[in-house]
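First up is the structure itself, then whatever we jot down about it.
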Protein chains: 2
Amino acid sequence: MKRLGIALLFLSSVCCAQGSGFEPASTNVWGAQYPRVDSAGRAEFRIKAPSATAVKLNFWSDPKMDMVKGADGFWTATTPPLVPGFHYYNFVIDGVDVNDAGSHAYYGGGRDASGIEIPEPGATYYLPREVPHGAVREIWYFSKVTGTWRHAVVYLPPSYDTQAKTRYPVLYLQHGGGEDETGWIKQGHANFILDNLIAAGNTKPMIVVMAYGYAHHIGYVEPDLAGKGFGSPEMQKSMQEMFSAFDDDLTKALIPYVDANFRTLADRDHRAMAGLSMGGMQTFQITFNHLDTFSYIGGFSGSGGLGMMGGPPFDTKTAYNGALADPAAFAKNVHLVWIGVGTEEPAMMHNGIVTFHDALTKGNVKHIFYESPGTSHEWQTWRRDLKDFAPRLFQ
Amino acid sequence: MKRLGIALLFLSSVCCAQGSGFEPASTNVWGAQYPRVDSAGRAEFRIKAPSATAVKLNFWSDPKMDMVKGADGFWTATTPPLVPGFHYYNFVIDGVDVNDAGSHAYYGGGRDASGIEIPEPGATYYLPREVPHGAVREIWYFSKVTGTWRHAVVYLPPSYDTQAKTRYPVLYLQHGGGEDETGWIKQGHANFILDNLIAAGNTKPMIVVMAYGYAHHIGYVEPDLAGKGFGSPEMQKSMQEMFSAFDDDLTKALIPYVDANFRTLADRDHRAMAGLSMGGMQTFQITFNHLDTFSYIGGFSGSGGLGMMGGPPFDTKTAYNGALADPAAFAKNVHLVWIGVGTEEPAMMHNGIVTFHDALTKGNVKHIFYESPGTSHEWQTWRRDLKDFAPRLFQ
């Protein structure tokens with residue numbers, strides 16, 4: 001009865017057309033009028049919290065913004081024009097982080113968080129358009145590495161179903177830290193980006209596999225890390241175990257599963273890997289350690305080595321057991337190394353990528369370096385990265 | 001930089017193994033220790049809200065439970081043993097509904113809400129097992145009915161890829177009010193239920209299409225419904241428009257899309273529709289009005305007619321333009337009418353279904369009536385419904 005009530009009440013939130021120039025965000029749930037966005041990219045938020053003392057609006061990459069309480073118990077805020085793209089956010093009600101019920105949830109920061117899409121005027125490359133659409137599939141595979149069922153998302157190009165004898169190259173595409181395998185579709189619109197690129201004729205039809213980037217080896221027991229700082233040996237060891245378990249899961253469980261269950265071209269010349277942020281770090285670690293498996297490599301706001309994380313500076317002569325030490329041999333073997341960063345990313349991020357770029361240049365390792373103008377450590381940067389990266393694959 | 005911090009902090013929430021008999025719920029995000037469940041089905045919750053005055057735990061179908069504040073600013077609660085299955089819940093902090101960051105989000109009640117899975121001892125029919133797995137696909141189709149891109153989820157049976165010439169019957173399977181097209185996979189595990197049934201050999205391999213059950217005709221402008229009660233003409237009209245637009249979208253846009261893009265058996269003898277709660281009501285309205293399109297019909301905790309919602313009592317002689325008025329002709333034409341309800345559903349729900357069942361019996365309309373023992377208006381009822389319903393299709 002209560003749920004029937006919910007179903008019907010729910011209708012009543014679908015309200016009248018607004019005349020203010022503000023429209024509900026595309027990231028909203030059905031019928032939610034807030035948050036809403038105008039053509040300048042300003043966004044209006046509101047939340048009901050009649051007994052709260054202080055409510056703030058928290059875009060994760062910016063200082064928190066005070067919201068103002070009205071007589072009706074609603075707190076409201078209107079932002080200045082925001083950078084286009086997808087932004088995570090939450091409300092902070094008397095010190096507690098709270099989702100916006102008007103927004104769909106997008107997994108980031110280690111939880112299902114609220115998000116808002118600010119349109120970029122004129123940019124349609126990541127929107128659904130009247131072109132042939134690939135399929136997005138969910139798969140579950142049992143991993144002997146982790147001893148668990150694992151979930152991944154697979155994009156199949158538009159021709160996959162109709163050209164039943166064609167085999168395709170594969171891009172493994174990883175999310176960032178605190179995100180998961182759903183991010184590249186839900187936040188990134190990777191499927192629409194690929195659909196549009198393939199329709200434009202400059203990108204090879206390819207399969208894209210988006211894996212869950214967290215793993216533990218079967219039987220592993222995490223020690224109690226309470227109170228252990230980021231640089232502590234315990235935390236470093238925990239992170240190494242996770243990276244190593246994901247490396248094993250990807251190369252020993254997922255890739256064999258994908259090659260057995262989809263029509264792939266199952267060799268290194270037709271296999272790429274890229275990732276954003278933490279996924280970029282995983283990409284460089286995994287690909288440089290498995291050059292027999294991958295030959296196209298991309299890091300989106302994520303560097304090789306652990307320089308960004310307080311580790312030793314990256315040196316092509318010694319890193320990854322010398323995989324990059326001979327740049328001529330490396331260039332013959334590896335078809336693409338691609339790194340990207342947003343110009344407005346936080347200094348530590350931006351410097352980390354630029355330092356990695358400089359180290360590759362110093363070591364004569366041929367690579368592409370791309371800067372996304374005006375964007376930060378956010379999805380608009382990574383959508384642009386994918387748009388620049390994907391056409392360079394498998395050519 | 002902040003997000004890198006999040007990614008790493010995030011690792012530290014993966015804590016030591018617990019010795020209490022409580023284990024993190026399967027519905028949790030990576031690394032979250034709470035909520036957790038013991039073998040008796042009790043659940044422990046906690047949330048940090050140091051400055052809150054009162055925090056409650058809210059299972060939607062039960063009275064709210066007071067949480068207790070500790071010296072560390074965490075509020076905690078331990079439930080008595082809960083009914084097995086999936087339960088939506090939230091915290092209420094000083095009157096504001098708040099998600100649990102430890103839980104994944106599941107779309108219900110018109111928002112991405114928290115949920116917890118309580119295992120049912122011995123029940124494996126909705127879990128992933130070592131049987132052939134079907135594919136779960138996301139599709140996007142442009143609907144001329146609504147003038148928008150719409151998203152749906154499609155289950156393809158395990159043999160779909162390998163038996164490239166086989167065509168399959170289709171079940172259209174709808175979510176409830178306040179839920180969406182993601183619910184049958186994420187909350188319901190419909191894919192695992194079908195995998196296990198098909199592997200057991202008693203269920204025909206079939207395609208299952210899960211549509212988004214909300215729609216407006218293109219150009220429709222919702223009037224301001226603020227202050228309009230459930231029984232008001234304005235609200236009834238709004239609901240009729242939504243049901244009618246979904247009917248048109250399903251029959252004029254989605255079914256043609258599915259028949260054009262998948263290897264279906266595209267006739268009424270190989271097309272079924274079922275739905276839960278609001279989706280059940282939609283199912284009866286759509287199928288009884290389109291008996292040229294569907295021949296298998298299921299209502300899971302959802303009735304025909306509007307008797308549950310204060311409308312006139314259901315009468316087989318007059319309902320749906322007389323579609324059921326001649327029970328012999330109806331029985332020859334329609335292969336299955338199936339209705340189910342949980343014994344512990346709220347009285348209005350339970351009575352509504354039983355009244356519909358009685359009306360069908362009185363009108364000599366042959367049908368199956370199933371009661372799920374001990375479960376309420378929740379997903380465990382609907383999982384059991386699907387398990388009983390699916391093997392009866394297309395035989």
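The chains in the structure tokens are called A, B, ... from first to last as shown; in each chain the residues are counted from 1, and the ligands are counted from 1 in the order shown.
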
### Task
Per DSSP on the backbone, filter stretch 116-342 of chain B down to the residues in alpha helix (DSSP H) and report them as a PyMOL selection string.
chain B and resi 183-186+190-200+233-248+255-261+278-289+319-322+327-333

- Selection near B:Asp292, 9 Å with only C-alpha atoms, sequence-local residues under 3 positions removed, as JSON, numbers by chain: {"B": [267, 268, 287, 289, 295]}

Worksheet entry | Residue with smallest distance to chain B - pool A:Asn333, A:Ser51, A:Gln395, A:Asn58, counting only C-alpha atoms |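 Checking each candidate against chain B, we get A:Ser51 as the closest.
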
Practice task
Fewer than 4 positions away in the same chain doesn't count, so skip those; otherwise give me all residues within 9 Å of A:Phe300, counting only C-alpha atoms, as a count of residues only.
Solution key: 14

* **Residues near A:Thr148, cut-off 12 Å, only C-alpha atoms, skip fewer than 5 positions along chain, as a PyMOL selection string** => (chain A and resi 140-143+214-219+249+253) or (chain B and resi 26+128-130)

I need the chosen residues saved as a PDB file, in the first residue's frame, with C-alpha atoms.
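Result file is result16.pdb:
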```pdb
ATOM      1  CA  TRP A 140      29.295 -12.385 -15.293  1.00  0.00           C
ATOM      2  CA  TYR A 141      32.300 -14.676 -15.168  1.00  0.00           C
ATOM      3  CA  PHE A 142      33.639 -16.868 -12.413  1.00  0.00           C
ATOM      4  CA  SER A 143      37.255 -15.936 -11.713  1.00  0.00           C
ATOM      5  CA  TYR A 214      39.157  -4.103  -7.756  1.00  0.00           C
ATOM      6  CA  ALA A 215      40.200  -7.603  -6.825  1.00  0.00           C
ATOM      7  CA  HIS A 216      41.769  -9.723  -4.124  1.00  0.00           C
ATOM      8  CA  HIS A 217      43.460 -13.047  -4.692  1.00  0.00           C
ATOM      9  CA  ILE A 218      41.402 -15.923  -3.344  1.00  0.00           C
ATOM     10  CA  GLY A 219      42.198 -16.472   0.320  1.00  0.00           C
ATOM     11  CA  ASP A 249      42.159 -11.503 -12.993  1.00  0.00           C
ATOM     12  CA  ALA A 253      40.393 -14.930 -16.234  1.00  0.00           C
TER      13      ALA A 253
ATOM     14  CA  SER B  26      26.063  -8.886  -0.953  1.00  0.00           C
ATOM     15  CA  PRO B 128      24.699 -17.083 -10.360  1.00  0.00           C
ATOM     16  CA  ARG B 129      25.640 -20.744 -10.759  1.00  0.00           C
ATOM     17  CA  GLU B 130      27.888 -22.850 -12.973  1.00  0.00           C
TER      18      GLU B 130
END
```

Which of stretch 113-241 of chain B fall in strand (DSSP E), as a PyMOL selection string:
chain B and resi 113-118+135-143+148-156+170-174+207-210

Quiz prompt | Residue nearest chain B - candidates A:Gly178, A:Gly31, A:Pro233, A:Pro121, atoms counted: only C-alpha atoms | solution =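 Checking each of A:Gly178, A:Gly31, A:Pro233, A:Pro121 against chain B, counting only C-alpha atoms, the winner is A:Gly178.
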
Excluding B:Thr375 and any residue of its chain fewer than 2 positions from it, enumerate the residues within 6 Å of it, using only C-alpha atoms, and give them as a VMD selection string. chain B and resid 342 344 373 381

Using only C-alpha atoms, pick whichever of A:Phe262, A:Trp184, A:Phe22, A:Phe246 has the shortest atom-to-atom distance to chain B.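 Ranked by minimum distance to chain B, first place goes to A:Phe262.
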
Atom CA of A:Leu156 sits from atom CA of B:Glu138 at a separation of 11.1 Å

| Nearest residue to A:Gly305 from the set A:Met278, A:Val68, A:Val136, A:Val221 (distances using only C-alpha atoms) |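 Among the listed residues, the smallest separation from A:Gly305 belongs to A:Met278.
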